[in-house]
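What follows is start_2.cif (mmCIF, C-alpha atoms).
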data_entry
loop_
_atom_site.label_atom_id
_atom_site.label_comp_id
_atom_site.auth_asym_id
_atom_site.auth_seq_id
_atom_site.Cartn_x
_atom_site.Cartn_y
_atom_site.Cartn_z
CA MET A 1 4.53 3.21 22.45
CA ASP A 2 1.59 3.08 24.86
CA LEU A 3 -1.02 4.12 22.31
CA LEU A 4 -0.03 1.14 20.14
CA LYS A 5 -0.10 -1.28 23.08
CA LYS A 6 -3.60 -0.11 23.91
CA LYS A 7 -4.68 -0.46 20.29
CA ILE A 8 -3.31 -4.01 20.12
CA LEU A 9 -5.03 -4.99 23.39
CA ASP A 10 -8.32 -3.34 22.37
CA GLU A 11 -8.52 -4.47 18.76
CA GLY A 12 -6.01 -7.26 18.16
CA SER A 13 -6.69 -10.94 18.48
CA VAL A 14 -4.41 -13.94 18.79
CA GLU A 15 -5.19 -16.79 16.44
CA ASP A 16 -3.74 -20.26 16.02
CA GLY A 17 -1.53 -19.72 19.06
CA ASP A 18 1.01 -17.30 17.63
CA ILE A 19 -0.61 -15.15 14.95
CA LEU A 20 -1.49 -11.62 16.04
CA LYS A 21 -4.31 -10.27 13.94
CA VAL A 22 -4.43 -6.47 13.74
CA ASP A 23 -6.46 -6.08 10.62
CA SER A 24 -8.84 -3.48 12.05
CA PHE A 25 -6.10 -0.84 11.86
CA LEU A 26 -2.90 -2.13 10.21
CA ASN A 27 -3.35 -4.99 7.73
CA HIS A 28 -6.74 -4.75 6.04
CA GLN A 29 -8.59 -1.74 7.37
CA LEU A 30 -6.14 1.14 7.84
CA ASP A 31 -6.70 3.58 10.69
CA ILE A 32 -5.05 6.54 9.00
CA ALA A 33 -5.24 8.88 12.02
CA PHE A 34 -3.48 6.20 14.05
CA LEU A 35 -0.89 5.59 11.30
CA ASN A 36 -0.06 9.29 11.59
CA GLU A 37 0.81 8.75 15.26
CA ILE A 38 3.02 5.85 14.20
CA GLY A 39 4.65 8.03 11.55
CA LYS A 40 5.42 10.76 14.10
CA GLU A 41 6.93 8.18 16.44
CA PHE A 42 9.23 6.83 13.71
CA LYS A 43 10.32 10.39 12.93
CA LYS A 44 11.17 10.91 16.61
CA LEU A 45 13.13 7.66 16.78
CA PHE A 46 15.17 8.36 13.64
CA GLU A 47 15.42 12.14 14.04
CA ASP A 48 19.23 12.02 14.29
CA ARG A 49 19.59 10.27 10.95
CA LYS A 50 19.81 11.80 7.52
CA ILE A 51 17.15 9.90 5.57
CA THR A 52 16.61 10.37 1.82
CA LYS A 53 14.25 7.49 1.13
CA ILE A 54 12.00 5.00 2.89
CA LEU A 55 12.05 1.42 1.64
CA THR A 56 9.32 -1.09 2.41
CA LEU A 57 7.83 -4.26 1.01
CA GLU A 58 4.43 -4.70 -0.58
CA THR A 59 1.68 -5.01 0.59
CA SER A 60 1.38 -4.37 4.28
CA GLY A 61 4.28 -1.91 4.59
CA ILE A 62 2.97 0.56 2.02
CA ALA A 63 0.44 2.51 4.09
CA ILE A 64 2.78 2.76 7.10
CA ALA A 65 5.70 3.92 4.96
CA SER A 66 3.56 6.39 2.97
CA ILE A 67 2.11 8.10 6.02
CA ALA A 68 5.45 8.13 7.87
CA ALA A 69 7.24 9.54 4.81
CA GLN A 70 5.32 12.80 5.27
CA TYR A 71 7.27 13.46 8.48
CA PHE A 72 10.60 12.78 6.76
CA ASN A 73 9.72 14.64 3.53
CA VAL A 74 11.09 11.81 1.42
CA PRO A 75 9.70 9.43 -1.20
CA VAL A 76 8.86 5.79 -0.55
CA VAL A 77 9.98 2.83 -2.62
CA PHE A 78 8.28 -0.49 -2.14
CA ALA A 79 9.93 -3.74 -3.16
CA LYS A 80 7.72 -5.92 -5.32
CA LYS A 81 7.19 -9.55 -4.53
CA ILE A 82 6.30 -10.68 -8.00
CA ALA A 83 7.78 -9.58 -11.28
CA THR A 84 4.93 -7.60 -12.81
CA LYS A 85 4.69 -6.68 -16.46
CA ASN A 86 5.49 -3.04 -15.82
CA LEU A 87 8.59 -3.47 -13.67
CA ASP A 88 11.95 -2.45 -15.11
CA LYS A 89 14.13 -5.23 -16.37
CA ALA A 90 17.06 -3.71 -14.46
CA THR A 91 16.33 -4.64 -10.86
CA TYR A 92 18.14 -5.48 -7.66
CA GLU A 93 16.79 -8.78 -6.39
CA SER A 94 16.96 -10.84 -3.25
CA ASP A 95 15.45 -14.11 -2.08
CA VAL A 96 13.23 -14.08 0.98
CA TYR A 97 12.11 -17.17 2.82
CA SER A 98 8.65 -16.95 4.34
CA TYR A 99 8.21 -19.13 7.42
CA THR A 100 4.46 -18.49 7.32
CA LYS A 101 4.07 -19.62 3.73
CA ARG A 102 6.99 -22.06 3.82
CA ARG A 103 8.41 -20.94 0.51
CA THR A 104 11.07 -18.66 -0.93
CA TYR A 105 10.00 -15.70 -3.01
CA LYS A 106 11.89 -13.03 -4.88
CA ILE A 107 11.72 -9.36 -4.02
CA LYS A 108 12.74 -6.74 -6.55
CA VAL A 109 13.46 -3.03 -6.71
CA SER A 110 14.22 -1.14 -9.91
CA LYS A 111 17.85 0.02 -10.01
CA LYS A 112 16.55 3.51 -10.78
CA TYR A 113 15.29 3.94 -7.22
CA ILE A 114 18.25 2.77 -5.11
CA LYS A 115 21.31 4.94 -5.66
CA PRO A 116 24.70 5.10 -3.88
CA GLU A 117 23.83 8.54 -2.52
CA ASP A 118 20.64 7.26 -0.83
CA HIS A 119 20.35 7.01 2.96
CA ILE A 120 17.59 4.53 3.53
CA LEU A 121 15.19 3.81 6.35
CA ILE A 122 13.39 0.47 6.14
CA LEU A 123 9.86 0.47 7.60
CA ASP A 124 7.59 -2.54 7.97
CA ASP A 125 4.61 -3.74 9.96
CA PHE A 126 5.97 -6.87 11.63
CA LEU A 127 9.40 -8.22 12.51
CA ALA A 128 9.50 -11.96 13.16
CA ASN A 129 12.38 -13.87 11.58
CA ALA A 130 13.76 -10.79 9.79
CA GLN A 131 13.81 -12.56 6.44
CA ALA A 132 12.11 -9.65 4.69
CA ALA A 133 14.42 -7.14 6.41
CA LEU A 134 17.49 -9.12 5.34
CA GLY A 135 16.21 -9.20 1.76
CA LEU A 136 15.68 -5.42 1.76
CA MET A 137 19.15 -4.89 3.31
CA ASP A 138 20.62 -7.06 0.57
CA ILE A 139 18.96 -4.87 -2.07
CA ILE A 140 20.24 -1.66 -0.38
CA ASN A 141 23.72 -3.20 -0.32
CA LYS A 142 23.56 -4.20 -3.98
CA GLY A 143 22.56 -0.63 -4.85
CA GLY A 144 25.50 0.75 -2.88
CA ALA A 145 23.18 2.84 -0.67
CA THR A 146 23.45 3.37 3.10
CA LEU A 147 21.07 1.74 5.56
CA GLU A 148 20.23 4.26 8.30
CA GLY A 149 17.91 2.08 10.30
CA ILE A 150 14.96 -0.27 10.44
CA GLY A 151 11.67 0.67 12.06
CA VAL A 152 8.97 -1.91 12.70
CA VAL A 153 5.57 -1.44 14.24
CA ILE A 154 5.36 -4.80 16.02
CA GLU A 155 8.32 -7.04 16.86
CA LYS A 156 7.63 -10.62 17.83
CA GLY A 157 10.30 -10.86 20.52
CA PHE A 158 9.92 -14.62 20.78
CA GLN A 159 11.22 -15.07 17.25
CA ASP A 160 14.86 -14.44 16.45
CA GLY A 161 14.72 -11.59 13.92
CA GLY A 162 15.29 -8.78 16.42
CA LYS A 163 18.24 -10.56 18.05
CA LEU A 164 19.76 -11.29 14.66
CA LEU A 165 19.54 -7.65 13.49
CA ARG A 166 20.80 -6.22 16.81
CA GLU A 167 23.80 -8.57 16.72
CA LYS A 168 24.62 -7.08 13.33
CA ASP A 169 24.55 -3.62 14.96
CA ILE A 170 21.58 -2.53 12.86
CA ASN A 171 19.84 0.58 14.17
CA LEU A 172 16.58 -1.26 14.84
CA LYS A 173 13.61 0.41 16.54
CA SER A 174 10.43 -1.52 17.29
CA LEU A 175 7.42 0.44 18.49
CA VAL A 176 6.34 -2.51 20.60
CA ILE A 177 7.92 -5.87 21.33
CA ILE A 178 5.72 -8.83 22.15
CA ASP A 179 7.34 -11.34 24.45
CA SER A 180 4.73 -14.04 24.22
CA PHE A 181 1.11 -14.96 23.85
CA VAL A 182 -0.32 -16.60 26.96
CA GLU A 183 -3.72 -18.18 26.53
CA GLY A 184 -4.61 -15.76 23.76
CA LYS A 185 -3.34 -12.73 25.69
CA VAL A 186 -0.54 -10.51 24.41
CA ILE A 187 2.39 -10.10 26.83
CA PHE A 188 4.55 -7.06 26.01
CA ARG A 189 8.25 -6.81 26.90
CA MET B 1 -5.38 18.25 -13.13
CA ASP B 2 -2.52 20.11 -14.82
CA LEU B 3 0.09 19.13 -12.22
CA LEU B 4 -0.64 15.46 -12.95
CA LYS B 5 -0.48 15.95 -16.71
CA LYS B 6 2.91 17.61 -16.33
CA LYS B 7 4.11 14.78 -14.07
CA ILE B 8 3.00 12.15 -16.61
CA LEU B 9 4.67 13.99 -19.49
CA ASP B 10 7.88 14.60 -17.50
CA GLU B 11 8.25 11.21 -15.83
CA GLY B 12 5.96 8.70 -17.52
CA SER B 13 6.87 6.48 -20.43
CA VAL B 14 4.80 4.50 -22.88
CA GLU B 15 5.82 0.89 -23.34
CA ASP B 16 4.62 -1.87 -25.63
CA GLY B 17 2.32 0.58 -27.40
CA ASP B 18 -0.35 0.99 -24.71
CA ILE B 19 1.19 0.62 -21.25
CA LEU B 20 1.81 3.87 -19.40
CA LYS B 21 4.59 3.46 -16.90
CA VAL B 22 4.46 5.91 -14.00
CA ASP B 23 6.55 4.02 -11.51
CA SER B 24 8.70 6.99 -10.53
CA PHE B 25 5.80 8.46 -8.54
CA LEU B 26 2.75 6.18 -8.46
CA ASN B 27 3.46 2.46 -8.83
CA HIS B 28 6.86 1.62 -7.41
CA GLN B 29 8.47 4.76 -6.06
CA LEU B 30 5.82 6.89 -4.36
CA ASP B 31 6.14 10.68 -4.50
CA ILE B 32 4.34 11.37 -1.24
CA ALA B 33 4.29 15.16 -1.60
CA PHE B 34 2.66 14.69 -4.99
CA LEU B 35 0.20 12.11 -3.63
CA ASN B 36 -0.90 14.78 -1.15
CA GLU B 37 -1.83 17.04 -4.08
CA ILE B 38 -3.81 14.14 -5.55
CA GLY B 39 -5.51 13.59 -2.19
CA LYS B 40 -6.53 17.24 -1.96
CA GLU B 41 -7.93 17.10 -5.49
CA PHE B 42 -10.05 14.04 -4.68
CA LYS B 43 -11.36 15.83 -1.59
CA LYS B 44 -12.34 18.80 -3.74
CA LEU B 45 -14.10 16.57 -6.28
CA PHE B 46 -16.09 14.63 -3.68
CA GLU B 47 -16.60 17.49 -1.21
CA ASP B 48 -20.39 17.33 -1.57
CA ARG B 49 -20.55 13.68 -0.56
CA LYS B 50 -20.75 12.20 2.89
CA ILE B 51 -17.91 9.66 2.91
CA THR B 52 -17.30 7.30 5.83
CA LYS B 53 -14.74 4.98 4.27
CA ILE B 54 -12.38 4.72 1.33
CA LEU B 55 -12.15 1.37 -0.43
CA THR B 56 -9.29 0.39 -2.70
CA LEU B 57 -7.55 -2.69 -4.02
CA GLU B 58 -4.09 -3.92 -3.15
CA THR B 59 -1.36 -3.09 -4.12
CA SER B 60 -1.21 0.06 -6.15
CA GLY B 61 -4.27 1.75 -4.65
CA ILE B 62 -3.05 1.65 -1.06
CA ALA B 63 -0.73 4.66 -0.98
CA ILE B 64 -3.15 6.86 -2.94
CA ALA B 65 -6.08 5.89 -0.71
CA SER B 66 -4.06 6.28 2.51
CA ILE B 67 -2.81 9.77 1.71
CA ALA B 68 -6.20 10.91 0.37
CA ALA B 69 -8.00 9.53 3.45
CA GLN B 70 -6.31 12.22 5.55
CA TYR B 71 -8.38 14.87 3.79
CA PHE B 72 -11.61 12.93 4.39
CA ASN B 73 -10.77 11.90 7.98
CA VAL B 74 -11.89 8.35 7.32
CA PRO B 75 -10.27 4.90 7.42
CA VAL B 76 -9.21 2.95 4.35
CA VAL B 77 -10.06 -0.65 3.57
CA PHE B 78 -8.16 -2.45 0.87
CA ALA B 79 -9.56 -5.52 -0.84
CA LYS B 80 -7.15 -8.43 -0.89
CA LYS B 81 -6.40 -10.30 -4.07
CA ILE B 82 -5.32 -13.54 -2.49
CA ALA B 83 -6.76 -15.30 0.52
CA THR B 84 -4.02 -14.83 3.10
CA LYS B 85 -3.72 -16.86 6.25
CA ASN B 86 -4.79 -13.95 8.44
CA LEU B 87 -7.92 -12.91 6.58
CA ASP B 88 -11.29 -13.49 8.19
CA LYS B 89 -13.26 -16.43 6.95
CA ALA B 90 -16.34 -14.21 6.72
CA THR B 91 -15.68 -12.16 3.59
CA TYR B 92 -17.51 -10.53 0.73
CA GLU B 93 -15.97 -11.76 -2.50
CA SER B 94 -16.11 -10.89 -6.15
CA ASP B 95 -14.42 -12.17 -9.29
CA VAL B 96 -12.29 -9.77 -11.30
CA TYR B 97 -11.03 -10.47 -14.79
CA SER B 98 -7.64 -8.98 -15.57
CA TYR B 99 -7.14 -8.19 -19.26
CA THR B 100 -3.44 -7.59 -18.62
CA LYS B 101 -2.88 -10.94 -16.99
CA ARG B 102 -5.63 -12.75 -18.92
CA ARG B 103 -7.03 -14.48 -15.87
CA THR B 104 -9.76 -14.14 -13.29
CA TYR B 105 -8.84 -13.58 -9.67
CA LYS B 106 -10.86 -13.24 -6.50
CA ILE B 107 -10.95 -10.09 -4.41
CA LYS B 108 -12.06 -10.23 -0.80
CA VAL B 109 -13.02 -7.87 2.01
CA SER B 110 -13.82 -8.95 5.53
CA LYS B 111 -17.50 -8.48 6.36
CA LYS B 112 -16.42 -6.56 9.45
CA TYR B 113 -15.30 -3.60 7.37
CA ILE B 114 -18.23 -3.06 4.99
CA LYS B 115 -21.42 -2.17 6.85
CA PRO B 116 -24.86 -0.99 5.65
CA GLU B 117 -24.25 2.40 7.28
CA ASP B 118 -21.05 2.97 5.26
CA HIS B 119 -20.85 5.58 2.50
CA ILE B 120 -17.94 4.50 0.40
CA LEU B 121 -15.59 6.21 -1.99
CA ILE B 122 -13.56 3.90 -4.24
CA LEU B 123 -10.09 5.20 -5.14
CA ASP B 124 -7.63 3.58 -7.53
CA ASP B 125 -4.63 4.42 -9.67
CA PHE B 126 -5.84 3.39 -13.14
CA LEU B 127 -9.19 2.89 -14.82
CA ALA B 128 -9.07 0.81 -17.98
CA ASN B 129 -11.76 -1.85 -18.39
CA ALA B 130 -13.29 -1.13 -14.94
CA GLN B 131 -13.13 -4.78 -13.97
CA ALA B 132 -11.57 -3.97 -10.59
CA ALA B 133 -14.09 -1.16 -10.00
CA LEU B 134 -17.01 -3.49 -10.81
CA GLY B 135 -15.61 -6.06 -8.37
CA LEU B 136 -15.33 -3.45 -5.61
CA MET B 137 -18.87 -2.19 -6.38
CA ASP B 138 -20.12 -5.77 -6.14
CA ILE B 139 -18.53 -6.08 -2.68
CA ILE B 140 -20.07 -2.76 -1.53
CA ASN B 141 -23.43 -3.99 -2.80
CA LYS B 142 -23.10 -7.34 -1.01
CA GLY B 143 -22.31 -5.47 2.20
CA GLY B 144 -25.40 -3.28 1.77
CA ALA B 145 -23.30 -0.10 1.87
CA THR B 146 -23.71 2.99 -0.33
CA LEU B 147 -21.30 3.85 -3.15
CA GLU B 148 -20.71 7.61 -3.15
CA GLY B 149 -18.29 7.73 -6.04
CA ILE B 150 -15.20 6.44 -7.77
CA GLY B 151 -12.02 8.47 -8.09
CA VAL B 152 -9.17 7.37 -10.33
CA VAL B 153 -5.87 9.03 -10.96
CA ILE B 154 -5.49 8.06 -14.62
CA GLU B 155 -8.32 6.94 -16.90
CA LYS B 156 -7.42 5.26 -20.15
CA GLY B 157 -10.14 6.87 -22.24
CA PHE B 158 -9.52 4.52 -25.15
CA GLN B 159 -10.68 1.55 -23.10
CA ASP B 160 -14.34 1.17 -22.20
CA GLY B 161 -14.31 1.27 -18.37
CA GLY B 162 -15.15 4.96 -18.07
CA LYS B 163 -18.00 4.74 -20.57
CA LEU B 164 -19.38 1.68 -18.82
CA LEU B 165 -19.37 3.33 -15.37
CA ARG B 166 -20.83 6.64 -16.63
CA GLU B 167 -23.64 4.75 -18.36
CA LYS B 168 -24.47 3.24 -14.98
CA ASP B 169 -24.67 6.81 -13.58
CA ILE B 170 -21.74 6.22 -11.27
CA ASN B 171 -20.23 9.41 -9.84
CA LEU B 172 -16.88 8.85 -11.55
CA LYS B 173 -14.08 11.43 -11.41
CA SER B 174 -10.81 10.89 -13.24
CA LEU B 175 -7.97 13.30 -12.54
CA VAL B 176 -6.76 12.89 -16.11
CA ILE B 177 -8.13 11.03 -19.10
CA ILE B 178 -5.75 9.75 -21.75
CA ASP B 179 -7.27 9.61 -25.21
CA SER B 180 -4.48 7.77 -26.96
CA PHE B 181 -0.81 7.11 -27.25
CA VAL B 182 0.63 8.35 -30.54
CA GLU B 183 4.16 7.20 -31.30
CA GLY B 184 4.96 6.89 -27.62
CA LYS B 185 3.43 10.28 -26.75
CA VAL B 186 0.54 10.69 -24.36
CA ILE B 187 -2.49 12.51 -25.78
CA PHE B 188 -4.82 13.84 -23.08
CA ARG B 189 -8.54 14.42 -23.61
#
Would you write the structure of this file as structure tokens?
Amino acid sequence: MDLLKKKILDEGSVEDGDILKVDSFLNHQLDIAFLNEIGKEFKKLFEDRKITKILTLETSGIAIASIAAQYFNVPVVFAKKIATKNLDKATYESDVYSYTKRRTYKIKVSKKYIKPEDHILILDDFLANAQAALGLMDIINKGGATLEGIGVVIEKGFQDGGKLLREKDINLKSLVIIDSFVEGKVIFR
Amino acid sequence: MDLLKKKILDEGSVEDGDILKVDSFLNHQLDIAFLNEIGKEFKKLFEDRKITKILTLETSGIAIASIAAQYFNVPVVFAKKIATKNLDKATYESDVYSYTKRRTYKIKVSKKYIKPEDHILILDDFLANAQAALGLMDIINKGGATLEGIGVVIEKGFQDGGKLLREKDINLKSLVIIDSFVEGKVIFR
């Protein structure tokens, strides 16, 4: 997606060697007009699939999933990272290891919102080691629903998440894949 | 907003005496078509104001703010509750006391995204004690920007946040105000 590549080159910055910061449009400030272009692109990429629900993970997936959901005419469910007071006791849970934070956390979705008849598209901002994606897939599996695909805005091609999901024959679509960072510059695949 | 009242009566539930659970459409599953109606309503209520940015707080404000922002044609910025690795070091911060969790937490916004020329609308899901709203107002103030108004989906009229903000002459609009919960039933003002 050329528009996204341009946006990353214009506004992104590489920090600490391998962290791509895109908080002017994706992770802190949200460029809603641009997220609409991303939403349309996801719709195009998953047009052949019957989708009944979009599943994402708080926090950074919520805006992307919400805007994209308008093109699919479906609701969004976001997995919660911490058990909050108001969450149902009946939840599907999975453990997710965060390489960035070097700890395992639990993600949870109320059983009310994942049903066997659901055909689910997972959307998220980044794909690196695919730990979050595997956790969401585990929850879909526990709920007996069908995974129709995974869409990510930015895949870090130098980490093994994409390879791992493609080897499992997951219908994975990444809007851009970054091959490497060379002296603070982003090299796209 | 009658549509919202109906939604709360049809899908909401009252738990532990004074917690309104609306996670089928607002806090866990997101009814995006319905959030568009909420977005249009906010636009109508703040039509007379020049808005350049919508400010909200992670997590539950993000979807509401993102969908509503489409009717204002402005970006969203969401304050972060925890200092994440990728957040700028230069931030405006404020302390927010949570009555629900009985602790104080910090909220932060990068200085890049609050500028003196900004005219800001705060949007959030609930208004109870207004602690989050006061924290966001503090950040707007520190950034030298102008607060144009606060829009909340559900105001708990039996807590003092609404009174407190109206006494400060804040342009506060609540889509519904709940006066009380009587035997598990929601009583609207």
Rotated and translated chain B onto chain A by C-alpha atoms, as a compact mmCIF listing (two decimals) with C-alpha atoms, in the coordinates of the input:
# COMPACT_ATOMS: atom_id res chain seq x y z
CA MET B 1 4.53 3.22 22.44
CA ASP B 2 1.60 3.07 24.87
CA LEU B 3 -1.01 4.12 22.30
CA LEU B 4 -0.02 1.14 20.14
CA LYS B 5 -0.10 -1.28 23.07
CA LYS B 6 -3.61 -0.09 23.92
CA LYS B 7 -4.68 -0.46 20.28
CA ILE B 8 -3.32 -4.03 20.13
CA LEU B 9 -5.03 -4.98 23.39
CA ASP B 10 -8.33 -3.33 22.38
CA GLU B 11 -8.52 -4.45 18.76
CA GLY B 12 -6.02 -7.24 18.15
CA SER B 13 -6.70 -10.93 18.50
CA VAL B 14 -4.43 -13.93 18.79
CA GLU B 15 -5.19 -16.79 16.44
CA ASP B 16 -3.75 -20.26 16.03
CA GLY B 17 -1.56 -19.73 19.10
CA ASP B 18 0.99 -17.31 17.63
CA ILE B 19 -0.62 -15.14 14.95
CA LEU B 20 -1.50 -11.62 16.04
CA LYS B 21 -4.32 -10.26 13.95
CA VAL B 22 -4.44 -6.47 13.75
CA ASP B 23 -6.47 -6.08 10.61
CA SER B 24 -8.84 -3.49 12.04
CA PHE B 25 -6.10 -0.84 11.84
CA LEU B 26 -2.91 -2.14 10.21
CA ASN B 27 -3.36 -4.99 7.73
CA HIS B 28 -6.73 -4.75 6.05
CA GLN B 29 -8.59 -1.74 7.37
CA LEU B 30 -6.14 1.13 7.83
CA ASP B 31 -6.70 3.59 10.68
CA ILE B 32 -5.05 6.56 9.01
CA ALA B 33 -5.24 8.88 12.02
CA PHE B 34 -3.49 6.20 14.04
CA LEU B 35 -0.90 5.59 11.30
CA ASN B 36 -0.05 9.29 11.58
CA GLU B 37 0.81 8.76 15.26
CA ILE B 38 3.02 5.84 14.21
CA GLY B 39 4.66 8.03 11.56
CA LYS B 40 5.42 10.75 14.09
CA GLU B 41 6.93 8.18 16.45
CA PHE B 42 9.22 6.83 13.72
CA LYS B 43 10.32 10.38 12.95
CA LYS B 44 11.16 10.91 16.62
CA LEU B 45 13.14 7.65 16.78
CA PHE B 46 15.18 8.36 13.65
CA GLU B 47 15.43 12.14 14.06
CA ASP B 48 19.23 12.02 14.30
CA ARG B 49 19.60 10.28 10.95
CA LYS B 50 19.80 11.80 7.52
CA ILE B 51 17.14 9.90 5.57
CA THR B 52 16.60 10.37 1.83
CA LYS B 53 14.25 7.49 1.14
CA ILE B 54 12.00 5.01 2.89
CA LEU B 55 12.04 1.43 1.64
CA THR B 56 9.32 -1.08 2.40
CA LEU B 57 7.83 -4.26 1.01
CA GLU B 58 4.43 -4.69 -0.59
CA THR B 59 1.68 -5.02 0.60
CA SER B 60 1.38 -4.36 4.28
CA GLY B 61 4.28 -1.91 4.58
CA ILE B 62 2.97 0.56 2.01
CA ALA B 63 0.45 2.51 4.09
CA ILE B 64 2.77 2.74 7.10
CA ALA B 65 5.70 3.90 4.95
CA SER B 66 3.56 6.38 2.98
CA ILE B 67 2.11 8.09 6.03
CA ALA B 68 5.45 8.12 7.88
CA ALA B 69 7.25 9.54 4.82
CA GLN B 70 5.32 12.79 5.29
CA TYR B 71 7.26 13.45 8.49
CA PHE B 72 10.60 12.78 6.76
CA ASN B 73 9.72 14.64 3.53
CA VAL B 74 11.10 11.82 1.42
CA PRO B 75 9.71 9.43 -1.21
CA VAL B 76 8.87 5.79 -0.56
CA VAL B 77 9.98 2.83 -2.63
CA PHE B 78 8.28 -0.49 -2.15
CA ALA B 79 9.93 -3.74 -3.17
CA LYS B 80 7.72 -5.92 -5.33
CA LYS B 81 7.19 -9.56 -4.54
CA ILE B 82 6.28 -10.69 -8.01
CA ALA B 83 7.75 -9.60 -11.31
CA THR B 84 4.91 -7.58 -12.81
CA LYS B 85 4.66 -6.69 -16.46
CA ASN B 86 5.47 -3.03 -15.80
CA LEU B 87 8.58 -3.47 -13.68
CA ASP B 88 11.93 -2.47 -15.11
CA LYS B 89 14.13 -5.25 -16.35
CA ALA B 90 17.06 -3.70 -14.48
CA THR B 91 16.35 -4.63 -10.86
CA TYR B 92 18.15 -5.48 -7.67
CA GLU B 93 16.79 -8.77 -6.40
CA SER B 94 16.97 -10.83 -3.26
CA ASP B 95 15.46 -14.10 -2.10
CA VAL B 96 13.24 -14.08 0.96
CA TYR B 97 12.13 -17.18 2.81
CA SER B 98 8.67 -16.96 4.33
CA TYR B 99 8.22 -19.14 7.41
CA THR B 100 4.47 -18.51 7.30
CA LYS B 101 4.09 -19.65 3.73
CA ARG B 102 7.01 -22.10 3.81
CA ARG B 103 8.43 -20.97 0.50
CA THR B 104 11.06 -18.67 -0.93
CA TYR B 105 10.00 -15.71 -3.03
CA LYS B 106 11.90 -13.04 -4.89
CA ILE B 107 11.72 -9.36 -4.02
CA LYS B 108 12.74 -6.75 -6.56
CA VAL B 109 13.46 -3.03 -6.73
CA SER B 110 14.23 -1.15 -9.91
CA LYS B 111 17.84 0.02 -10.02
CA LYS B 112 16.55 3.51 -10.77
CA TYR B 113 15.29 3.94 -7.22
CA ILE B 114 18.25 2.76 -5.12
CA LYS B 115 21.32 4.94 -5.65
CA PRO B 116 24.70 5.10 -3.87
CA GLU B 117 23.82 8.55 -2.53
CA ASP B 118 20.65 7.26 -0.82
CA HIS B 119 20.35 7.01 2.96
CA ILE B 120 17.58 4.55 3.53
CA LEU B 121 15.20 3.82 6.34
CA ILE B 122 13.39 0.47 6.14
CA LEU B 123 9.87 0.47 7.60
CA ASP B 124 7.59 -2.54 7.98
CA ASP B 125 4.60 -3.73 9.97
CA PHE B 126 5.98 -6.88 11.63
CA LEU B 127 9.40 -8.22 12.51
CA ALA B 128 9.51 -11.95 13.15
CA ASN B 129 12.38 -13.88 11.57
CA ALA B 130 13.76 -10.77 9.78
CA GLN B 131 13.82 -12.57 6.45
CA ALA B 132 12.11 -9.65 4.69
CA ALA B 133 14.42 -7.14 6.40
CA LEU B 134 17.51 -9.13 5.34
CA GLY B 135 16.22 -9.19 1.76
CA LEU B 136 15.68 -5.42 1.77
CA MET B 137 19.15 -4.89 3.32
CA ASP B 138 20.63 -7.07 0.58
CA ILE B 139 18.97 -4.86 -2.06
CA ILE B 140 20.25 -1.66 -0.38
CA ASN B 141 23.72 -3.20 -0.31
CA LYS B 142 23.56 -4.20 -3.99
CA GLY B 143 22.56 -0.64 -4.84
CA GLY B 144 25.50 0.74 -2.86
CA ALA B 145 23.20 2.84 -0.68
CA THR B 146 23.46 3.37 3.09
CA LEU B 147 21.08 1.74 5.58
CA GLU B 148 20.24 4.27 8.30
CA GLY B 149 17.90 2.08 10.30
CA ILE B 150 14.96 -0.26 10.45
CA GLY B 151 11.66 0.68 12.05
CA VAL B 152 8.95 -1.90 12.70
CA VAL B 153 5.57 -1.44 14.25
CA ILE B 154 5.36 -4.80 16.03
CA GLU B 155 8.32 -7.03 16.86
CA LYS B 156 7.63 -10.61 17.83
CA GLY B 157 10.30 -10.85 20.51
CA PHE B 158 9.92 -14.62 20.77
CA GLN B 159 11.21 -15.07 17.24
CA ASP B 160 14.86 -14.43 16.45
CA GLY B 161 14.72 -11.57 13.91
CA GLY B 162 15.30 -8.78 16.41
CA LYS B 163 18.23 -10.57 18.05
CA LEU B 164 19.76 -11.28 14.66
CA LEU B 165 19.54 -7.64 13.50
CA ARG B 166 20.81 -6.21 16.82
CA GLU B 167 23.79 -8.57 16.71
CA LYS B 168 24.62 -7.08 13.32
CA ASP B 169 24.54 -3.62 14.97
CA ILE B 170 21.59 -2.53 12.87
CA ASN B 171 19.83 0.59 14.18
CA LEU B 172 16.58 -1.26 14.84
CA LYS B 173 13.61 0.41 16.54
CA SER B 174 10.44 -1.51 17.31
CA LEU B 175 7.42 0.45 18.50
CA VAL B 176 6.35 -2.51 20.61
CA ILE B 177 7.92 -5.86 21.34
CA ILE B 178 5.71 -8.83 22.15
CA ASP B 179 7.34 -11.34 24.46
CA SER B 180 4.73 -14.06 24.23
CA PHE B 181 1.12 -14.96 23.84
CA VAL B 182 -0.31 -16.61 26.96
CA GLU B 183 -3.73 -18.18 26.54
CA GLY B 184 -4.61 -15.76 23.77
CA LYS B 185 -3.34 -12.72 25.69
CA VAL B 186 -0.55 -10.51 24.44
CA ILE B 187 2.39 -10.10 26.82
CA PHE B 188 4.55 -7.07 26.01
CA ARG B 189 8.24 -6.81 26.91
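Selected on chain B by distance to chain A: B:His28, B:Gln29, B:Leu30, B:Asp31, B:Ile32, B:Thr59, B:Ala63, B:Pro75, B:Val76, B:Val77, B:Phe78 (within 6 Å, counting all atoms listed in the file).
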- Separation of atom CA of B:Ser174 and atom CA of B:Ile107, in Å? 22.8 Å
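Compared by their closest atoms to B:Tyr71, and using only C-alpha atoms, the residues B:Glu11, B:Glu93, B:Glu37, B:Asp160 rank with B:Glu37 nearest.
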- Item | Length of the atom CA of A:Ile120 to atom CA of B:Asp10 vector [Å] | 25.3 Å
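We find atom CA of A:Phe181 and atom CA of A:Val14 to be spaced 7.6 Å apart.
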